[in-house]
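S.K.: input-v1.tsv is reproduced in full below (TSV, C-alpha atoms).
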chain	number	residue	atom	x	y	z
A	1	MET	CA	0.00	0.00	0.00
A	2	GLU	CA	2.00	2.91	-1.34
A	3	GLU	CA	-0.02	5.57	0.47
A	4	LEU	CA	1.17	4.13	3.78
A	5	LYS	CA	4.83	4.39	2.83
A	6	ALA	CA	4.33	7.93	1.59
A	7	ASN	CA	3.22	8.87	5.09
A	8	GLU	CA	6.42	7.76	6.84
A	9	ARG	CA	8.62	10.20	8.73
A	10	GLN	CA	11.48	11.92	6.91
A	11	LEU	CA	14.25	11.76	9.49
A	12	ALA	CA	17.14	13.05	7.36
A	13	THR	CA	16.54	15.83	4.88
A	14	VAL	CA	18.32	18.54	2.94
A	15	ALA	CA	17.54	21.73	4.86
A	16	LYS	CA	18.45	25.39	4.73
A	17	ILE	CA	20.22	27.27	7.52
A	18	LEU	CA	17.73	30.06	8.24
A	19	ASP	CA	19.65	31.84	10.99
A	20	ILE	CA	22.84	31.60	13.05
A	21	GLN	CA	23.29	33.21	16.44
A	22	PRO	CA	26.22	33.26	18.87
A	23	ILE	CA	26.06	31.37	22.15
A	24	GLU	CA	27.19	33.30	25.19
A	25	ASP	CA	30.62	32.19	26.52
A	26	ALA	CA	30.99	29.61	23.73
A	27	GLU	CA	34.08	29.97	21.56
A	28	ASN	CA	33.71	27.07	19.13
A	29	ILE	CA	29.98	26.59	18.68
A	30	GLU	CA	26.92	28.62	17.66
A	31	MET	CA	23.18	28.13	17.32
A	32	ALA	CA	21.64	27.45	13.91
A	33	THR	CA	17.93	27.56	13.05
A	34	ILE	CA	16.64	24.92	10.64
A	35	ARG	CA	12.89	25.03	9.97
A	36	GLY	CA	11.56	25.25	13.55
A	37	TRP	CA	14.56	23.46	15.11
A	38	HIS	CA	17.45	25.02	17.03
A	39	VAL	CA	20.71	23.10	16.59
A	40	VAL	CA	24.19	23.68	18.02
A	41	VAL	CA	26.80	23.60	15.21
A	42	LYS	CA	30.53	24.20	14.90
A	43	LYS	CA	31.35	27.88	14.58
A	44	GLY	CA	32.01	28.83	10.98
A	45	GLU	CA	30.94	25.47	9.53
A	46	PHE	CA	27.72	26.91	8.08
A	47	SER	CA	26.47	30.29	6.91
A	48	ILE	CA	22.92	31.61	6.67
A	49	GLY	CA	21.37	30.28	3.47
A	50	ASP	CA	23.59	27.20	3.27
A	51	LEU	CA	22.09	23.79	2.61
A	52	CYS	CA	22.96	21.02	5.04
A	53	ILE	CA	21.79	17.54	5.95
A	54	TYR	CA	19.58	17.83	9.00
A	55	VAL	CA	18.82	14.72	11.08
A	56	GLU	CA	15.99	14.91	13.59
A	57	VAL	CA	16.05	13.92	17.24
A	58	GLY	CA	14.77	10.40	17.67
A	59	SER	CA	16.89	9.15	14.78
A	60	VAL	CA	19.57	6.46	14.81
A	61	MET	CA	22.50	6.82	12.43
A	62	PRO	CA	23.96	3.70	10.80
A	63	ASP	CA	26.91	1.84	12.29
A	64	GLY	CA	29.46	1.18	9.56
A	65	LEU	CA	31.24	-1.57	11.48
A	66	PRO	CA	30.49	-5.27	10.93
A	67	GLU	CA	28.58	-6.70	13.88
A	68	ASP	CA	31.55	-8.64	15.24
A	69	LYS	CA	33.80	-5.55	15.16
A	70	ALA	CA	31.10	-3.42	16.79
A	71	GLU	CA	30.94	-5.96	19.62
A	72	GLU	CA	34.73	-5.96	19.87
A	73	TRP	CA	34.68	-2.16	20.23
A	74	LYS	CA	32.07	-2.41	23.01
A	75	ALA	CA	34.18	-4.99	24.86
A	76	LEU	CA	37.28	-2.80	24.62
A	77	HIS	CA	35.32	0.21	25.80
A	78	LYS	CA	34.17	-1.67	28.90
A	79	LEU	CA	37.76	-2.68	29.62
A	80	SER	CA	38.97	0.89	29.20
A	81	CYS	CA	36.39	2.08	31.72
A	82	ARG	CA	37.66	-0.48	34.23
A	83	ALA	CA	41.34	0.24	33.63
A	84	VAL	CA	43.33	0.80	36.81
A	85	THR	CA	46.12	2.96	35.37
A	86	PRO	CA	46.21	5.65	32.65
A	87	GLU	CA	48.69	3.49	30.71
A	88	GLU	CA	46.31	0.54	30.69
A	89	ARG	CA	43.44	2.78	29.60
A	90	ASP	CA	45.53	4.20	26.75
A	91	ILE	CA	46.26	0.69	25.47
A	92	TYR	CA	42.57	-0.14	25.23
A	93	ARG	CA	41.77	3.21	23.62
A	94	ALA	CA	44.44	2.63	21.00
A	95	GLN	CA	42.88	-0.76	20.22
A	96	MET	CA	39.46	0.90	19.99
A	97	ALA	CA	40.85	3.42	17.52
A	98	GLU	CA	42.20	0.61	15.32
A	99	VAL	CA	38.80	-1.09	15.27
A	100	SER	CA	37.13	2.23	14.41
A	101	LYS	CA	39.32	2.56	11.31
A	102	LEU	CA	37.31	-0.30	9.80
A	103	ASN	CA	34.12	1.78	9.89
A	104	THR	CA	32.68	2.19	6.38
A	105	LYS	CA	30.79	5.27	7.57
A	106	PRO	CA	33.52	7.15	9.47
A	107	GLU	CA	31.55	10.43	9.40
A	108	PHE	CA	29.23	8.95	12.07
A	109	GLU	CA	31.90	7.29	14.22
A	110	PHE	CA	31.86	10.09	16.80
A	111	LEU	CA	28.32	9.00	17.70
A	112	ARG	CA	29.31	5.47	18.72
A	113	GLN	CA	29.33	6.06	22.47
A	114	SER	CA	25.76	7.37	22.24
A	115	LYS	CA	24.82	4.24	20.23
A	116	PHE	CA	24.36	6.49	17.16
A	117	ARG	CA	21.14	7.87	18.63
A	118	ILE	CA	20.34	11.56	18.10
A	119	LYS	CA	18.87	13.05	21.28
A	120	THR	CA	17.85	16.44	22.62
A	121	LYS	CA	20.76	18.00	24.53
A	122	LYS	CA	21.44	21.09	26.58
A	123	ILE	CA	24.73	22.78	25.66
A	124	PHE	CA	25.78	26.03	27.36
A	125	GLU	CA	22.20	26.25	28.67
A	126	GLN	CA	20.90	26.07	25.08
A	127	ILE	CA	18.53	23.30	23.98
A	128	SER	CA	19.85	21.62	20.82
A	129	GLN	CA	17.63	19.26	18.85
A	130	GLY	CA	19.08	17.15	16.07
A	131	ILE	CA	22.34	17.33	14.21
A	132	CYS	CA	23.60	19.02	11.04
A	133	PHE	CA	26.08	17.50	8.58
A	134	PRO	CA	27.65	19.23	5.59
A	135	LEU	CA	26.48	17.94	2.22
A	136	SER	CA	30.01	16.66	1.66
A	137	ILE	CA	29.23	13.46	3.58
A	138	LEU	CA	27.25	12.37	0.52
A	139	GLU	CA	30.53	12.03	-1.37
A	140	SER	CA	31.35	8.95	0.68
A	141	LEU	CA	28.39	7.17	-0.91
A	142	GLY	CA	30.28	7.16	-4.18
A	143	ASN	CA	27.52	8.37	-6.47
A	144	PHE	CA	27.37	12.05	-5.60
A	145	GLN	CA	29.48	14.89	-6.88
A	146	SER	CA	29.38	18.66	-6.85
A	147	VAL	CA	28.03	20.29	-9.97
A	148	ILE	CA	30.53	23.11	-9.87
A	149	GLY	CA	33.10	21.71	-7.47
A	150	ASP	CA	32.40	24.18	-4.68
A	151	PRO	CA	34.94	23.25	-1.95
A	152	ARG	CA	32.41	24.05	0.78
A	153	TRP	CA	30.00	21.48	-0.69
A	154	ASN	CA	27.07	23.69	0.16
A	155	THR	CA	25.63	24.37	-3.27
A	156	VAL	CA	24.07	21.75	-5.54
A	157	PHE	CA	24.79	18.03	-5.86
A	158	ILE	CA	23.84	15.58	-8.55
A	159	LEU	CA	23.17	11.89	-8.38
A	160	SER	CA	24.47	9.96	-11.38
A	161	GLY	CA	22.04	7.16	-12.12
A	162	ASP	CA	22.76	3.87	-13.89
A	163	GLU	CA	22.05	5.52	-17.22
A	164	GLY	CA	23.95	8.70	-16.47
A	165	ASN	CA	20.88	10.65	-15.41
A	166	CYS	CA	21.47	13.61	-13.10
A	167	VAL	CA	19.04	14.44	-10.33
A	168	PRO	CA	19.50	17.71	-8.40
A	169	ILE	CA	19.58	17.48	-4.63
A	170	ILE	CA	17.32	20.27	-3.42
A	171	GLU	CA	15.92	21.62	-0.17
A	172	ASN	CA	13.59	19.18	1.64
A	173	GLU	CA	15.02	16.20	-0.28
A	174	ASP	CA	14.47	13.07	1.83
A	175	LEU	CA	17.77	11.30	2.52
A	176	THR	CA	16.52	8.97	5.27
A	177	GLU	CA	16.76	5.72	3.32
A	178	LEU	CA	19.83	6.79	1.35
A	179	LEU	CA	21.84	7.43	4.52
A	180	GLY	CA	20.43	4.40	6.34
A	181	VAL	CA	18.84	6.45	9.12
A	182	ILE	CA	16.14	4.72	11.17
A	183	GLN	CA	13.74	5.95	13.83
A	184	TYR	CA	14.48	5.10	17.44
A	185	VAL	CA	11.58	3.22	18.99
A	186	GLU	CA	11.65	2.34	22.66
A	187	PRO	CA	11.69	-1.47	22.73
A	188	ASP	CA	8.69	-3.20	24.21
A	189	PRO	CA	9.59	-4.98	27.46
A	190	ALA	CA	10.25	-8.69	27.08
A	191	SER	CA	7.35	-9.27	29.47
A	192	MET	CA	4.93	-8.00	26.82
A	193	GLY	CA	5.75	-11.12	24.78
A	194	GLY	CA	4.01	-12.43	21.70
A	195	ASP	CA	4.77	-13.68	18.20
A	196	ALA	CA	4.00	-11.77	15.02
A	197	LYS	CA	1.52	-12.91	12.36
A	198	GLY	CA	2.65	-10.18	9.98
A	199	GLU	CA	3.17	-6.47	9.48
A	200	LEU	CA	0.76	-3.77	10.61
A	201	GLU	CA	0.73	-2.25	7.11
A	202	ALA	CA	-0.44	-5.55	5.61
A	203	VAL	CA	-3.68	-5.11	7.56
A	204	GLY	CA	-4.14	-1.66	6.00
A	205	ILE	CA	-3.49	0.33	9.18
A	206	LEU	CA	-1.34	3.45	9.35
A	207	MET	CA	1.53	3.32	11.81
A	208	SER	CA	1.03	5.77	14.66
A	209	ASP	CA	3.60	8.55	14.29
A	210	GLU	CA	2.62	12.22	14.24
A	211	GLN	CA	4.74	14.89	12.54
A	212	ARG	CA	6.58	17.26	14.86
A	213	ILE	CA	5.59	20.92	14.69
A	214	GLU	CA	9.22	21.97	14.21
A	215	ASN	CA	9.00	20.54	10.69
A	216	LEU	CA	5.84	22.52	9.96
A	217	SER	CA	7.11	25.92	11.08
A	218	SER	CA	6.75	27.44	7.59
A	219	LYS	CA	3.00	26.66	7.73
A	220	TRP	CA	2.42	28.10	11.19
A	221	GLU	CA	0.20	30.97	10.04
A	222	GLN	CA	-1.98	28.54	8.06
A	223	LEU	CA	-2.19	26.20	11.04
A	224	ARG	CA	-3.25	29.10	13.28
A	225	LYS	CA	-6.42	29.53	11.24
A	226	LEU	CA	-7.70	26.19	12.57
A	227	ARG	CA	-9.03	25.11	15.95
A	228	TYR	CA	-7.83	21.92	17.59
A	229	VAL	CA	-8.66	19.10	19.93
A	230	VAL	CA	-5.57	18.87	22.13
A	231	SER	CA	-4.67	15.70	24.01
A	232	GLU	CA	-1.76	14.77	26.22
A	233	LYS	CA	0.78	12.56	24.49
A	234	LEU	CA	1.16	9.52	26.73
A	235	GLU	CA	4.38	7.57	27.24
A	236	GLY	CA	3.65	3.92	26.66
A	237	ALA	CA	3.40	1.41	23.81
A	238	SER	CA	1.31	1.99	20.70
A	239	ALA	CA	-1.51	-0.56	20.28
A	240	SER	CA	-4.04	-1.14	17.49
A	241	TYR	CA	-7.20	-3.23	17.52
A	242	PHE	CA	-8.96	-4.08	14.27
A	243	LEU	CA	-11.90	-5.83	12.70
A	244	LYS	CA	-11.25	-6.96	9.14
A	245	ASN	CA	-13.27	-9.48	7.14
A	246	GLY	CA	-14.90	-10.56	10.38
A	247	GLU	CA	-11.59	-11.20	12.16
A	248	PHE	CA	-10.56	-9.39	15.34
A	249	GLY	CA	-6.86	-8.65	15.65
A	250	VAL	CA	-4.37	-6.93	17.94
A	251	CYS	CA	-1.22	-5.10	16.85
A	252	SER	CA	1.76	-3.48	18.46
A	253	ARG	CA	3.25	-0.37	16.86
A	254	SER	CA	4.31	-2.21	13.70
A	255	LEU	CA	3.26	-5.87	14.02
A	256	ASN	CA	0.05	-7.91	13.82
A	257	LEU	CA	0.30	-10.22	16.84
A	258	LYS	CA	-0.76	-13.81	17.38
A	259	GLU	CA	-3.06	-14.26	20.33
A	260	SER	CA	-1.34	-15.45	23.47
A	261	GLU	CA	-2.21	-15.42	27.15
A	262	PHE	CA	1.33	-14.16	27.80
A	263	ASN	CA	1.08	-11.19	25.42
A	264	THR	CA	0.30	-7.88	27.15
A	265	PHE	CA	-1.40	-6.36	24.10
A	266	TRP	CA	-3.84	-9.28	23.92
A	267	LYS	CA	-4.26	-9.47	27.69
A	268	VAL	CA	-5.39	-5.85	27.81
A	269	ALA	CA	-7.71	-6.41	24.83
A	270	ARG	CA	-9.40	-9.26	26.67
A	271	LYS	CA	-9.46	-7.46	30.03
A	272	GLU	CA	-11.10	-4.38	28.47
A	273	ASP	CA	-13.46	-6.55	26.37
A	274	ILE	CA	-12.41	-4.57	23.29
A	275	GLU	CA	-13.53	-7.13	20.70
A	276	SER	CA	-17.17	-7.24	21.78
A	277	LYS	CA	-17.29	-3.45	22.19
A	278	MET	CA	-15.91	-2.98	18.67
A	279	ARG	CA	-18.33	-5.52	17.18
A	280	GLN	CA	-21.29	-3.78	18.79
A	281	TYR	CA	-20.13	-0.37	17.57
A	282	ALA	CA	-19.55	-1.77	14.06
A	283	TYR	CA	-23.08	-3.18	14.02
A	284	ASP	CA	-24.60	0.09	15.22
A	285	HIS	CA	-22.67	2.23	12.71
A	286	ASN	CA	-22.44	-0.11	9.71
A	287	LEU	CA	-18.65	-0.39	9.84
A	288	THR	CA	-16.92	-3.37	8.22
A	289	ASN	CA	-13.13	-3.07	8.22
A	290	TRP	CA	-11.74	-0.58	10.73
A	291	ASN	CA	-9.41	-0.13	13.66
A	292	ILE	CA	-8.85	1.91	16.80
A	293	GLN	CA	-5.44	2.93	18.10
A	294	GLY	CA	-4.28	3.90	21.53
A	295	GLU	CA	-1.44	3.94	24.04
A	296	LEU	CA	-0.89	0.94	26.27
A	297	VAL	CA	0.15	2.20	29.71
A	298	GLY	CA	0.69	0.82	33.18
A	299	GLU	CA	2.90	-1.54	35.13
A	300	GLY	CA	5.88	-2.89	33.21
A	301	ILE	CA	5.47	-0.37	30.36
A	302	GLN	CA	8.06	2.41	29.89
A	303	GLY	CA	8.78	2.64	33.60
A	304	ASN	CA	5.09	3.20	34.44
A	305	ILE	CA	5.74	6.92	34.91
A	306	TYR	CA	2.05	7.48	35.69
A	307	LYS	CA	2.23	5.10	38.68
A	308	LEU	CA	-0.78	3.05	37.58
A	309	LYS	CA	-1.96	-0.26	38.98
A	310	GLY	CA	-2.25	-2.91	36.29
A	311	GLN	CA	-2.36	-2.06	32.60
A	312	THR	CA	-4.87	-0.36	30.32
A	313	VAL	CA	-5.18	1.36	26.95
A	314	LYS	CA	-6.18	4.94	26.15
A	315	LEU	CA	-7.45	5.55	22.61
A	316	TYR	CA	-6.44	8.40	20.29
A	317	ASN	CA	-7.95	7.64	16.88
A	318	LEU	CA	-10.39	5.56	14.82
A	319	PHE	CA	-9.54	4.63	11.22
A	320	ASP	CA	-11.71	3.17	8.45
A	321	ILE	CA	-9.51	0.63	6.64
A	322	ASP	CA	-11.78	0.47	3.57
A	323	THR	CA	-11.89	4.23	2.93
A	324	GLN	CA	-8.47	4.98	4.48
A	325	GLN	CA	-10.03	7.84	6.44
A	326	TYR	CA	-9.84	8.88	10.09
A	327	LEU	CA	-12.93	9.73	12.06
A	328	ASP	CA	-13.03	13.46	12.89
A	329	PRO	CA	-11.80	14.25	16.44
A	330	ILE	CA	-15.14	15.28	17.98
A	331	SER	CA	-16.96	12.24	16.58
A	332	PHE	CA	-14.05	10.10	17.79
A	333	ILE	CA	-14.47	11.34	21.36
A	334	GLU	CA	-18.16	10.42	21.19
A	335	ALA	CA	-17.24	7.00	19.76
A	336	THR	CA	-14.97	6.18	22.72
A	337	LYS	CA	-17.79	7.09	25.11
A	338	GLU	CA	-20.23	4.91	23.19
A	339	MET	CA	-17.82	1.94	23.14
A	340	GLY	CA	-16.88	2.45	26.77
A	341	ILE	CA	-13.13	2.37	26.09
A	342	GLY	CA	-10.75	4.87	27.71
A	343	LEU	CA	-9.63	8.03	25.89
A	344	VAL	CA	-6.29	9.84	26.08
A	345	PRO	CA	-6.50	12.89	28.38
A	346	ILE	CA	-8.18	15.79	26.57
A	347	ILE	CA	-6.58	19.15	27.44
A	348	ASP	CA	-8.81	21.35	25.28
A	349	ASP	CA	-11.48	20.50	22.70
A	350	ASP	CA	-11.46	23.92	20.99
A	351	TYR	CA	-7.89	25.20	21.18
A	352	GLU	CA	-6.60	28.28	19.40
A	353	LEU	CA	-2.86	28.40	18.69
A	354	PRO	CA	-0.77	31.26	20.10
A	355	GLU	CA	1.01	33.72	17.82
A	356	THR	CA	4.33	31.85	17.71
A	357	ILE	CA	5.68	28.33	18.05
A	358	GLU	CA	7.90	29.49	20.91
A	359	GLN	CA	4.82	30.61	22.84
A	360	LEU	CA	3.38	27.14	22.37
A	361	PHE	CA	6.57	25.52	23.65
A	362	ALA	CA	6.63	27.84	26.65
A	363	ILE	CA	3.44	26.02	27.68
A	364	VAL	CA	4.28	22.49	26.52
A	365	ASP	CA	7.82	22.46	27.98
A	366	ASN	CA	6.38	23.11	31.44
A	367	PHE	CA	3.20	21.06	31.25
A	368	TYR	CA	2.69	18.35	33.87
A	369	THR	CA	0.63	15.24	33.22
A	370	ILE	CA	-3.09	15.34	33.92
A	371	PHE	CA	-3.21	11.53	33.78
A	372	GLY	CA	-2.57	8.83	36.34
A	373	ASN	CA	-1.22	9.15	39.86
A	374	ASN	CA	1.97	11.15	39.45
A	375	PRO	CA	1.12	14.88	39.13
A	376	LYS	CA	4.82	15.84	39.47
A	377	GLN	CA	5.61	14.03	36.19
A	378	LEU	CA	6.31	16.26	33.19
A	379	ALA	CA	4.10	15.37	30.24
A	380	GLU	CA	5.72	13.99	27.10
A	381	GLY	CA	3.92	16.60	25.03
A	382	TRP	CA	0.71	17.45	23.20
A	383	VAL	CA	-1.02	16.01	20.14
A	384	LEU	CA	-3.18	18.47	18.21
A	385	VAL	CA	-5.91	17.35	15.78
A	386	ALA	CA	-7.60	20.00	13.65
A	387	LYS	CA	-11.37	20.36	13.79
A	388	GLY	CA	-13.70	20.84	10.84
A	389	ASP	CA	-12.64	21.81	7.34
A	390	VAL	CA	-8.85	21.87	6.94
A	391	ASN	CA	-9.14	24.29	4.01
A	392	GLY	CA	-7.28	22.09	1.56
A	393	LEU	CA	-4.05	22.06	3.57
A	394	ARG	CA	-2.01	19.14	2.25
A	395	ILE	CA	0.22	18.45	5.24
A	396	THR	CA	0.71	15.66	7.75
A	397	ARG	CA	-2.19	13.18	7.38
A	398	SER	CA	-4.67	15.40	5.55
A	399	ALA	CA	-4.90	12.82	2.74
A	400	TYR	CA	-6.55	10.59	5.34
A	401	ASN	CA	-9.07	13.19	6.56
A	402	ARG	CA	-6.86	14.19	9.48
A	403	LEU	CA	-4.63	17.21	10.00
A	404	SER	CA	-2.63	16.46	13.11
A	405	TRP	CA	0.80	17.00	14.62
A	406	LYS	CA	2.62	16.87	17.92
A	407	ALA	CA	4.49	19.32	20.10
A	408	LYS	CA	6.91	17.28	22.22
A	409	SER	CA	8.18	18.77	25.44
A	410	ARG	CA	11.87	19.63	25.06
A	411	THR	CA	12.21	19.52	28.84
A	412	TYR	CA	10.86	15.97	28.86
A	413	ASP	CA	13.17	14.97	25.99
A	414	LEU	CA	16.23	16.13	27.93
A	415	ASN	CA	15.52	13.50	30.58
A	416	LYS	CA	15.13	10.60	28.11
Do you think you could lay out the structure here as structure tokens?

M.R.:
Amino acid sequence: MEELKANERQLATVAKILDIQPIEDAENIEMATIRGWHVVVKKGEFSIGDLCIYVEVGSVMPDGLPEDKAEEWKALHKLSCRAVTPEERDIYRAQMAEVSKLNTKPEFEFLRQSKFRIKTKKIFEQISQGICFPLSILESLGNFQSVIGDPRWNTVFILSGDEGNCVPIIENEDLTELLGVIQYVEPDPASMGGDAKGELEAVGILMSDEQRIENLSSKWEQLRKLRYVVSEKLEGASASYFLKNGEFGVCSRSLNLKESEFNTFWKVARKEDIESKMRQYAYDHNLTNWNIQGELVGEGIQGNIYKLKGQTVKLYNLFDIDTQQYLDPISFIEATKEMGIGLVPIIDDDYELPETIEQLFAIVDNFYTIFGNNPKQLAEGWVLVAKGDVNGLRITRSAYNRLSWKAKSRTYDLNK
């Protein structure tokens, strides 16, 4: 289903440096603005207007070492940390450096100790989200070259195809697959168990993953014309429940799961009596093939930051598999009430955006959860779903009758 793939996140893109500002007391770094992101970069590496490769937070860069050599590096690193003398430590570090020379992607080697994961950081009291690379790293792929040989590699590149075709690399070009970047997904605890029957996409369900507002900054004024249902983004495990061709099924974030008494996703489905509630709702509303999605939360799931007893699911959307359309947010809220299945916490059902993105983050970065039993817990963020007519805006999931995005708390991200 090509429309599903077209909706996937673009984690690594060609982006323009919109602004550069100094950082107080910092001699070698400065702050760059890319779309709605603020990123610490090396001083002098980029100028305003330059193109770069921007990689979002939540991404994992590829490891260019063979698996056995990567494990050897890890073993040497552990030994170096346990070294008794500086001389012993230097021996291990020298061996680590020799192993690193075998990396086929040396431009990412400096990320090894962070397991190649790109995270939100605070540097000189500045929040930095993501990482910028010069376009020159594309040269290592072997099929890119500069059109005019600019030594700064910040102008235009071409890709020489098998037949000698040249494709310009332009702003917003998606380089995620080309660079081998993947999205970091918190692994489900082993206790959640279960074997897969197949992929989520094979069922016809969209994977749950909202676009971040930082990537939509250029459309802010258009977005401000809409009103939103705002919900708290919960920290848990994404779960989907579907009825298709008469069959009831349960999915994790990306997999269709076999039923098992040891599988948490299925256990919650049975405990909440989701199948019978969905079948009744389908009968009452003439639905055939459809699914609901929500966040699985509670004991044993992502540290149970809400201090819940047991496990449950809180829903955040309803999707018609046949028409590939989401139910509008107000009707969805009514549907959860009718089915008697829990809903994610609703913060506002008629929200008007502030004048700037920074004003929104001033709220989100300091917003504490309104869910569970831990009121001192910072919320992960907000999810905003537009109400009514989206005025033809072709962004995020509007092709599926849903204009939605998330504002993740940068304060929360710093502690992950």

S.K.: Residues of segment 321-371 of chain A that have any atom at most 12 Å from an atom of segment 235-239 of chain A: could you tabulate them with the shortest-distance atom pair and the distance in Å to one decimal, using all atoms listed in the file, ordered by chain and increasing number, as JSON lines?

M.R.:
{"residue": "A:Val344", "atom": "CA", "partner": "A:Glu235", "partner_atom": "CA", "distance": 11.0}
{"residue": "A:Thr369", "atom": "CA", "partner": "A:Glu235", "partner_atom": "CA", "distance": 10.4}
{"residue": "A:Phe371", "atom": "CA", "partner": "A:Glu235", "partner_atom": "CA", "distance": 10.8}

S.K.: Restrict the selected residues to C-alpha atoms and save them as a compact mmCIF listing (two decimals), in the coordinates of the input.

M.R.:
# COMPACT_ATOMS: atom_id res chain seq x y z
CA VAL A 344 -6.29 9.84 26.08
CA THR A 369 0.63 15.24 33.22
CA PHE A 371 -3.21 11.53 33.78

S.K.: With distances taken over only C-alpha atoms, which residue among A:Leu138, A:Gln129, A:Arg93, A:Glu186 lies nearest Glu107 of chain A?

M.R.: A:Leu138

S.K.: For the atom pair atom CA of Gln311 of chain A and atom CA of Ala269 of chain A, what is the interatomic distance in Å to one decimal place?

M.R.: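 Answer for the atom CA of Gln311 of chain A to atom CA of Ala269 of chain A separation: 10.4 Å.
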
S.K.: Find the residue from A:Leu243, A:Ile301, A:Ile292, A:Leu234 that sits nearest to Glu380 of chain A; use only C-alpha atoms when measuring.

M.R.: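 Going through A:Leu243, A:Ile301, A:Ile292, A:Leu234 one by one, the smallest distance to Glu380 of chain A is for A:Leu234.
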
S.K.: For atom CA of Gly44 of chain A and atom CA of Asp19 of chain A, determine how far apart the two atoms are, in Å to one decimal place.

M.R.: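 So the two atoms, atom CA of Gly44 of chain A and atom CA of Asp19 of chain A, lie 12.7 Å apart.
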